[in-house]
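S.K.: mmCIF, C-alpha atoms, saved as run-v1.cif, coming up:
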```cif
data_final
loop_
_atom_site.label_atom_id
_atom_site.label_comp_id
_atom_site.auth_asym_id
_atom_site.auth_seq_id
_atom_site.Cartn_x
_atom_site.Cartn_y
_atom_site.Cartn_z
CA MET A 1 -75.92 -84.22 -181.59
CA LEU A 2 -73.22 -82.01 -183.12
CA ASP A 3 -70.67 -83.76 -185.26
CA LEU A 4 -66.96 -83.10 -184.91
CA LYS A 5 -67.01 -80.47 -187.65
CA ASP A 6 -69.80 -78.47 -185.96
CA ARG A 7 -68.06 -78.71 -182.57
CA ALA A 8 -64.83 -77.41 -184.04
CA TRP A 9 -66.71 -74.54 -185.66
CA MET A 10 -68.42 -73.62 -182.36
CA LYS A 11 -65.11 -73.66 -180.51
CA LEU A 12 -63.64 -71.33 -183.14
CA ILE A 13 -66.51 -68.89 -182.73
CA MET A 14 -66.17 -68.95 -178.91
CA LEU A 15 -62.42 -68.38 -179.14
CA LYS A 16 -63.03 -65.45 -181.45
CA HIS A 17 -65.49 -63.89 -178.98
CA TRP A 18 -63.09 -64.42 -176.07
CA PHE A 19 -60.28 -62.79 -178.06
CA ILE A 20 -62.43 -59.77 -178.83
CA ALA A 21 -63.51 -59.50 -175.18
CA ILE A 22 -59.88 -59.60 -174.01
CA LEU A 23 -58.90 -56.86 -176.48
CA LEU A 24 -61.76 -54.66 -175.29
CA ALA A 25 -60.85 -55.22 -171.65
CA VAL A 26 -57.22 -54.31 -172.25
CA ASN A 27 -57.86 -51.26 -174.42
CA ALA A 28 -60.86 -49.81 -172.58
CA PRO A 29 -58.92 -48.40 -169.58
CA ILE A 30 -56.37 -46.80 -171.89
CA THR A 31 -59.06 -45.09 -173.94
CA LEU A 32 -60.88 -43.85 -170.86
CA SER A 33 -57.63 -42.60 -169.34
CA ASN A 34 -56.79 -40.57 -172.42
CA GLU A 35 -60.27 -39.07 -172.57
CA SER A 36 -60.45 -38.15 -168.89
CA LYS A 37 -56.93 -36.80 -168.41
CA PRO A 38 -57.38 -33.39 -166.72
CA ALA A 39 -55.69 -30.30 -168.11
CA THR A 40 -52.75 -28.92 -166.13
CA ILE A 41 -53.52 -25.63 -164.37
CA ILE A 42 -50.94 -22.84 -164.74
CA SER A 43 -51.29 -19.89 -162.33
CA VAL A 44 -50.59 -16.64 -164.14
CA GLY A 45 -49.91 -13.59 -161.99
CA ALA A 46 -51.23 -10.14 -162.84
CA TYR A 47 -50.74 -6.79 -161.13
CA GLU A 48 -51.75 -3.21 -161.81
CA PHE A 49 -49.83 -2.26 -164.95
CA PRO A 50 -52.13 -0.53 -167.45
CA PRO A 51 -52.79 -1.12 -170.27
CA PHE A 52 -51.40 -4.62 -169.69
CA PHE A 53 -53.57 -5.31 -166.66
CA GLU A 54 -55.91 -3.18 -164.57
CA THR A 55 -58.93 -3.57 -162.34
CA SER A 56 -62.04 -1.41 -162.27
CA ASN A 57 -65.08 -2.00 -160.05
CA GLY A 58 -64.09 -5.61 -159.49
CA THR A 59 -63.61 -6.42 -163.18
CA TYR A 60 -60.34 -7.23 -164.92
CA GLY A 61 -59.20 -5.41 -168.02
CA GLY A 62 -56.20 -4.90 -170.25
CA LEU A 63 -54.14 -7.20 -172.43
CA THR A 64 -53.46 -9.98 -169.93
CA PRO A 65 -57.04 -11.37 -169.64
CA LEU A 66 -57.34 -11.36 -173.44
CA LEU A 67 -54.02 -13.19 -173.79
CA LEU A 68 -55.12 -15.77 -171.23
CA ASP A 69 -58.27 -16.44 -173.23
CA ALA A 70 -56.21 -16.86 -176.40
CA PHE A 71 -53.76 -19.22 -174.66
CA ASN A 72 -56.65 -21.35 -173.39
CA GLU A 73 -58.51 -21.44 -176.70
CA ILE A 74 -55.59 -22.56 -178.85
CA GLN A 75 -54.79 -25.76 -176.91
CA ASN A 76 -56.38 -28.26 -174.47
CA ASP A 77 -53.45 -29.53 -172.39
CA TYR A 78 -53.25 -26.54 -170.03
CA VAL A 79 -55.62 -24.12 -168.33
CA PHE A 80 -54.05 -20.71 -167.73
CA LYS A 81 -55.69 -19.18 -164.68
CA LEU A 82 -55.33 -15.56 -163.57
CA THR A 83 -54.08 -14.93 -160.03
CA LEU A 84 -53.87 -11.42 -158.59
CA THR A 85 -50.57 -10.22 -157.16
CA SER A 86 -48.80 -6.86 -156.80
CA PRO A 87 -45.59 -5.33 -158.19
CA LYS A 88 -43.76 -5.98 -154.90
CA ARG A 89 -45.42 -9.26 -153.92
CA ARG A 90 -44.94 -11.02 -157.28
CA TYR A 91 -41.42 -12.19 -156.34
CA ILE A 92 -42.63 -13.74 -153.08
CA ASP A 93 -45.57 -15.35 -154.88
CA PHE A 94 -43.12 -16.93 -157.33
CA GLU A 95 -40.94 -18.27 -154.52
CA ARG A 96 -43.95 -19.75 -152.73
CA GLY A 97 -45.36 -21.30 -155.90
CA ARG A 98 -48.54 -19.23 -155.74
CA ILE A 99 -47.93 -18.10 -159.31
CA GLN A 100 -45.88 -19.81 -162.01
CA MET A 101 -45.97 -17.31 -164.80
CA LEU A 102 -46.23 -13.60 -165.65
CA PHE A 103 -46.86 -11.80 -168.92
CA PHE A 104 -45.30 -8.43 -169.81
CA GLU A 105 -42.13 -8.73 -167.76
CA ASP A 106 -38.50 -7.83 -168.39
CA PRO A 107 -35.63 -9.88 -166.88
CA LYS A 108 -33.91 -6.73 -165.60
CA TRP A 109 -36.84 -5.92 -163.33
CA GLY A 110 -35.37 -7.61 -160.28
CA TRP A 111 -35.45 -11.21 -161.54
CA ASN A 112 -31.71 -11.79 -161.32
CA GLY A 113 -31.06 -14.68 -158.93
CA TYR A 114 -34.58 -16.09 -159.11
CA PRO A 115 -35.12 -19.59 -160.60
CA VAL A 116 -37.00 -18.39 -163.68
CA VAL A 117 -36.74 -18.69 -167.45
CA THR A 118 -37.94 -16.21 -170.04
CA SER A 119 -39.76 -16.46 -173.34
CA GLU A 120 -38.89 -14.76 -176.57
CA ALA A 121 -39.73 -11.05 -176.63
CA PHE A 122 -43.22 -10.44 -178.02
CA LEU A 123 -43.68 -6.68 -177.46
CA LYS A 124 -41.45 -3.61 -177.21
CA GLY A 125 -42.21 -0.76 -174.83
CA GLY A 126 -40.80 1.92 -172.59
CA GLU A 127 -41.35 4.49 -169.85
CA VAL A 128 -41.47 8.24 -170.47
CA PHE A 129 -41.52 11.30 -168.24
CA ILE A 130 -44.51 13.64 -168.20
CA ALA A 131 -44.92 17.21 -166.91
CA ARG A 132 -47.59 19.86 -166.87
CA ASN A 133 -47.62 22.00 -170.01
CA ASN A 134 -46.03 25.36 -169.21
CA LYS A 135 -44.68 27.41 -172.10
CA THR A 136 -42.16 29.22 -169.90
CA THR A 137 -40.63 26.02 -168.49
CA ASN A 138 -41.23 23.36 -171.16
CA LYS A 139 -37.66 23.56 -172.51
CA THR A 140 -36.23 22.69 -169.11
CA ALA A 141 -39.09 20.50 -167.85
CA PHE A 142 -37.07 17.30 -167.99
CA LYS A 143 -33.66 18.53 -166.88
CA ASN A 144 -32.28 17.59 -163.45
CA ILE A 145 -35.14 15.15 -162.94
CA GLU A 146 -33.60 13.77 -159.75
CA GLN A 147 -34.05 17.20 -158.15
CA ARG A 148 -37.75 17.52 -158.97
CA ARG A 149 -40.89 16.41 -157.19
CA ILE A 150 -41.45 13.02 -158.80
CA THR A 151 -44.39 10.63 -158.80
CA ALA A 152 -44.02 7.01 -159.92
CA MET A 153 -45.41 3.52 -159.38
CA LEU A 154 -44.80 1.62 -156.16
CA GLY A 155 -42.77 -1.53 -156.73
CA TYR A 156 -41.64 -0.62 -160.24
CA HIS A 157 -38.04 -0.57 -161.46
CA TYR A 158 -36.74 2.62 -163.09
CA GLN A 159 -33.43 3.27 -164.78
CA PHE A 160 -33.10 6.78 -163.31
CA ALA A 161 -33.18 5.09 -159.87
CA ASP A 162 -30.63 2.42 -160.86
CA TRP A 163 -33.41 -0.22 -160.97
CA ASP A 164 -33.95 0.05 -157.20
CA SER A 165 -37.61 -0.52 -156.28
CA ASP A 166 -37.26 -0.27 -152.50
CA ALA A 167 -39.66 2.47 -151.36
CA LYS A 168 -37.61 3.50 -148.32
CA ARG A 169 -34.36 3.92 -150.26
CA LEU A 170 -36.11 5.77 -153.09
CA LYS A 171 -37.62 8.28 -150.66
CA GLU A 172 -34.23 8.81 -149.07
CA ARG A 173 -32.66 9.56 -152.46
CA PHE A 174 -35.47 11.51 -154.18
CA ASN A 175 -38.42 13.74 -153.47
CA ILE A 176 -40.77 11.05 -154.72
CA SER A 177 -44.31 9.83 -154.09
CA LEU A 178 -45.08 6.23 -154.99
CA LEU A 179 -48.59 5.38 -156.11
CA SER A 180 -50.48 2.22 -156.98
CA HIS A 181 -52.09 3.28 -160.28
CA SER A 182 -50.71 4.98 -163.37
CA GLY A 183 -53.86 7.08 -163.70
CA ALA A 184 -53.12 8.65 -160.32
CA ILE A 185 -49.67 9.67 -161.58
CA ILE A 186 -51.22 11.68 -164.41
CA LYS A 187 -53.66 13.31 -161.99
CA GLN A 188 -50.83 14.30 -159.62
CA VAL A 189 -48.99 16.02 -162.47
CA VAL A 190 -52.10 17.71 -163.89
CA ARG A 191 -53.00 19.07 -160.44
CA GLY A 192 -49.49 20.34 -159.82
CA LYS A 193 -48.80 18.03 -156.90
CA ALA A 194 -45.82 16.59 -158.76
CA GLU A 195 -43.48 18.20 -161.28
CA ILE A 196 -42.54 14.96 -163.01
CA GLY A 197 -44.38 11.70 -163.52
CA ILE A 198 -43.26 8.43 -165.08
CA VAL A 199 -45.68 6.25 -167.06
CA SER A 200 -45.46 3.64 -169.80
CA LYS A 201 -45.70 5.10 -173.30
CA ALA A 202 -48.44 2.58 -174.10
CA PHE A 203 -50.53 3.81 -171.17
CA LEU A 204 -49.92 7.48 -172.01
CA ASP A 205 -50.93 6.98 -175.64
CA ARG A 206 -54.15 5.29 -174.54
CA GLU A 207 -55.03 8.10 -172.13
CA LEU A 208 -54.33 10.78 -174.76
CA PHE A 209 -56.63 8.89 -177.14
CA ARG A 210 -59.37 8.61 -174.53
CA ASP A 211 -59.07 12.24 -173.43
CA PRO A 212 -57.61 14.46 -176.21
CA LYS A 213 -57.74 17.47 -173.87
CA LEU A 214 -54.73 16.03 -172.05
CA LYS A 215 -52.61 16.86 -175.09
CA LYS A 216 -52.92 20.53 -174.17
CA VAL A 217 -52.34 19.93 -170.46
CA LEU A 218 -49.33 17.59 -170.57
CA VAL A 219 -45.96 17.40 -172.26
CA PHE A 220 -43.83 14.29 -172.34
CA SER A 221 -40.13 13.70 -172.81
CA ASP A 222 -38.67 12.86 -176.20
CA PHE A 223 -36.40 10.36 -174.43
CA TYR A 224 -37.21 7.27 -172.39
CA ASP A 225 -36.33 6.40 -168.83
CA GLN A 226 -36.02 2.87 -170.18
CA HIS A 227 -36.80 0.71 -173.16
CA TYR A 228 -37.96 -2.82 -172.47
CA SER A 229 -38.77 -6.04 -174.26
CA HIS A 230 -41.86 -7.70 -172.84
CA ARG A 231 -41.49 -11.43 -172.25
CA VAL A 232 -43.15 -14.20 -170.27
CA ILE A 233 -41.40 -14.95 -166.98
CA LEU A 234 -41.84 -18.63 -166.07
CA ALA A 235 -40.83 -20.50 -162.91
CA SER A 236 -38.11 -23.05 -163.69
CA ASP A 237 -40.14 -25.80 -162.01
CA ALA A 238 -43.46 -24.87 -163.62
CA ASN A 239 -45.67 -27.64 -165.02
CA ILE A 240 -45.08 -26.28 -168.51
CA SER A 241 -41.88 -25.67 -170.45
CA ILE A 242 -40.72 -22.33 -171.85
CA GLU A 243 -40.53 -24.07 -175.23
CA THR A 244 -44.28 -24.72 -175.05
CA ILE A 245 -44.91 -21.07 -174.13
CA ASN A 246 -42.84 -19.91 -177.10
CA SER A 247 -44.71 -22.34 -179.36
CA ILE A 248 -48.09 -20.97 -178.26
CA LEU A 249 -46.92 -17.37 -178.75
CA LYS A 250 -45.72 -18.18 -182.26
CA LYS A 251 -49.01 -19.89 -183.16
CA LEU A 252 -50.96 -16.86 -181.92
CA HIS A 253 -48.68 -14.57 -183.88
CA LYS A 254 -49.00 -16.66 -187.05
CA ASN A 255 -52.81 -16.87 -186.94
CA GLY A 256 -53.11 -13.12 -186.33
CA LYS A 257 -54.56 -13.36 -182.82
CA LEU A 258 -51.72 -11.42 -181.17
CA THR A 259 -52.14 -8.60 -183.67
CA GLU A 260 -55.91 -8.62 -183.13
CA ILE A 261 -55.48 -8.33 -179.34
CA PHE A 262 -52.66 -5.78 -179.32
CA SER A 263 -54.26 -3.52 -181.93
CA GLN A 264 -57.13 -2.88 -179.51
CA PHE A 265 -54.61 -0.95 -177.43
CA GLY A 266 -52.76 0.71 -180.30
CA LEU A 267 -49.85 -1.75 -180.07
CA SER A 268 -48.14 -4.13 -182.48
CA PRO A 269 -46.48 -7.42 -181.45
CA SER A 270 -42.79 -7.99 -182.09
CA PRO A 271 -41.82 -10.53 -184.79
CA LEU A 272 -41.56 -14.10 -183.45
#
```
I'd like the structure from this file rewritten - as structure tokens, please.
M.R.:
Amino acid sequence: MLDLKDRAWMKLIMLKHWFIAILLAVNAPITLSNESKPATIISVGAYEFPPFFETSNGTYGGLTPLLLDAFNEIQNDYVFKLTLTSPKRRYIDFERGRIQMLFFEDPKWGWNGYPVVTSEAFLKGGEVFIARNNKTTNKTAFKNIEQRRITAMLGYHYQFADWDSDAKRLKERFNISLLSHSGAIIKQVVRGKAEIGIVSKAFLDRELFRDPKLKKVLVFSDFYDQHYSHRVILASDANISIETINSILKKLHKNGKLTEIFSQFGLSPSPL
């Protein structure tokens, strides 16, 4: 037989165990919920825009895939997933929610009126004119451009065309062929099928580095069709805020990752 003192002690032990069990029962679901919370997927559009994004034999290349990897490695709350689009289709894909975000954009490229927000600028760039090297015509190669046979990218916005990207209107105004790859523009000029081509300076510099012989074949303008500040374009209703995007960009800039990525393409990030 247990005396009153022993019974009281046993009751105290049982109460203690019950209290611990209740605490575990209450806290266990919270702990499990925090551990199993899935990351939010953010669809990031990408279209042919070398050296920022390009495809070759079914593989993706350029800066965008490397930036996606860096964005995914530096945090665990979001998964940034690449989704293919095109220069023309990217606006429709935004409206339909197929993509929520784009790297290497400029607000003046047709985004006026769309429900989007933009990040801080993280890279400067521009478009230049190229022509075939001809000593007798080099001095006048880039005069009266609107009267020349021009080749440019389909769906792109150019200052000389008043930012109009509509293929039909452009062909009515200019003698222009619109292509789907910047490399094809260089080939058209080299082969004499076009007098003037328009490419990004970053792409031209890369091609001249890869193939030094082009330096003797091509000349390029000492002026730009346009200067631009590359930013992230983000849908206003995206499952991530532009403040978070800016924060990630700044962290990648501070730890040197942006410089590491951009230097592979002969580029330097803008201060953030």
S.K.: Could you expand the PyMOL selection byres ((chain A and resi 200-211) around 8) into the explicit residues it covers here, written as a list in words?
M.R.: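 Applied to this file, the PyMOL selection byres ((chain A and resi 200-211) around 8) selects Pro50, Pro51, Gly125, Gly126, Glu127, Val128, Ser182, Ile198, Val199, Pro212, Lys213, Leu214, Lys215, Phe265, Gly266 and Leu267 of chain A.
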S.K.: Ranking A:Leu249, A:Lys108, A:Glu48, A:Gln264 by minimum distance to Asn72 (chain A) and counting all atoms listed in the file, which one comes first?
M.R.: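 Checking each of A:Leu249, A:Lys108, A:Glu48, A:Gln264 against Asn72 (chain A), counting all atoms listed in the file, the winner is A:Leu249.
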S.K.: Here is a test: counting all atoms listed in the file, which residue of A:Ile233, A:Tyr60, A:Ser263, A:Phe174 is nearest to Val44 (chain A)?
M.R.: A:Ile233
S.K.: So how many Å separate CA of Ile99 (chain A) and CA of Gly183 (chain A), to one decimal?
M.R.: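 Interatomic distance, CA of Ile99 (chain A) to CA of Gly183 (chain A): 26.2 Å.
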S.K.: Can you spell out as a CSV table (one decimal) with C-alpha atoms, in the coordinates of the input the set of residues that the PyMOL selection byres ((chain A and resi 93) around 12) selects in the structure I just provided?
M.R.:
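Written out: result_27.csv:
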```csv
chain,number,residue,atom,x,y,z
A,43,SER,CA,-51.3,-19.9,-162.3
A,44,VAL,CA,-50.6,-16.6,-164.1
A,45,GLY,CA,-49.9,-13.6,-162.0
A,46,ALA,CA,-51.2,-10.1,-162.8
A,47,TYR,CA,-50.7,-6.8,-161.1
A,83,THR,CA,-54.1,-14.9,-160.0
A,84,LEU,CA,-53.9,-11.4,-158.6
A,85,THR,CA,-50.6,-10.2,-157.2
A,86,SER,CA,-48.8,-6.9,-156.8
A,87,PRO,CA,-45.6,-5.3,-158.2
A,88,LYS,CA,-43.8,-6.0,-154.9
A,89,ARG,CA,-45.4,-9.3,-153.9
A,90,ARG,CA,-44.9,-11.0,-157.3
A,91,TYR,CA,-41.4,-12.2,-156.3
A,92,ILE,CA,-42.6,-13.7,-153.1
A,94,PHE,CA,-43.1,-16.9,-157.3
A,95,GLU,CA,-40.9,-18.3,-154.5
A,96,ARG,CA,-44.0,-19.8,-152.7
A,97,GLY,CA,-45.4,-21.3,-155.9
A,98,ARG,CA,-48.5,-19.2,-155.7
A,99,ILE,CA,-47.9,-18.1,-159.3
A,100,GLN,CA,-45.9,-19.8,-162.0
A,101,MET,CA,-46.0,-17.3,-164.8
A,102,LEU,CA,-46.2,-13.6,-165.6
A,114,TYR,CA,-34.6,-16.1,-159.1
A,235,ALA,CA,-40.8,-20.5,-162.9
```
S.K.: Can you turn the PyMOL selection byres ((chain A and resi 224) around 8) into a concrete residue list for this file, as a VMD selection string?
M.R.: chain A and resid 126 to 129 221 to 223 225 to 227
S.K.: Hey, which of A:Thr40, A:Glu120, A:Lys187, A:Leu154 ends up closest to Pro107 (chain A)? Count all atoms listed in the file.
M.R.: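 Smallest separation from Pro107 (chain A) among the options: A:Glu120.
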S.K.: Restricting the calculation to all atoms listed in the file, which member of A:Gly192, A:Pro269, A:Gly61, A:Pro38 is positioned closest to Val217 (chain A)?
M.R.: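 Selected residue with least distance to Val217 (chain A): A:Gly192.
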S.K.: CA of Asp69 (chain A) and CA of Lys81 (chain A), how far apart in Å?
M.R.: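 Interatomic distance here is 9.3 Å.
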S.K.: Counting all atoms listed in the file, which residue out of A:Thr259, A:Thr151, A:Gln159, A:Gln75 sits closest to Gly197 (chain A)?
M.R.: A:Thr151
S.K.: How many Å lie between CA of Phe104 (chain A) and CA of Glu195 (chain A), rounded to one decimal?
M.R.: 28.0 Å
S.K.: I need the residue nearest Glu146 (chain A) from this list: A:Leu63, A:Ala121, A:Val219, A:Leu170. Use all atoms listed in the file for the distance.
M.R.: A:Leu170
S.K.: For Ile185 (chain A), list every protein, DNA or RNA residue within 10 Å, evaluated using only C-alpha atoms, and leave out those in the same chain fewer than 6 positions away; present the list as a ChimeraX atom specification.
M.R.: /A:130,150-153,177-179,193-194,196-199
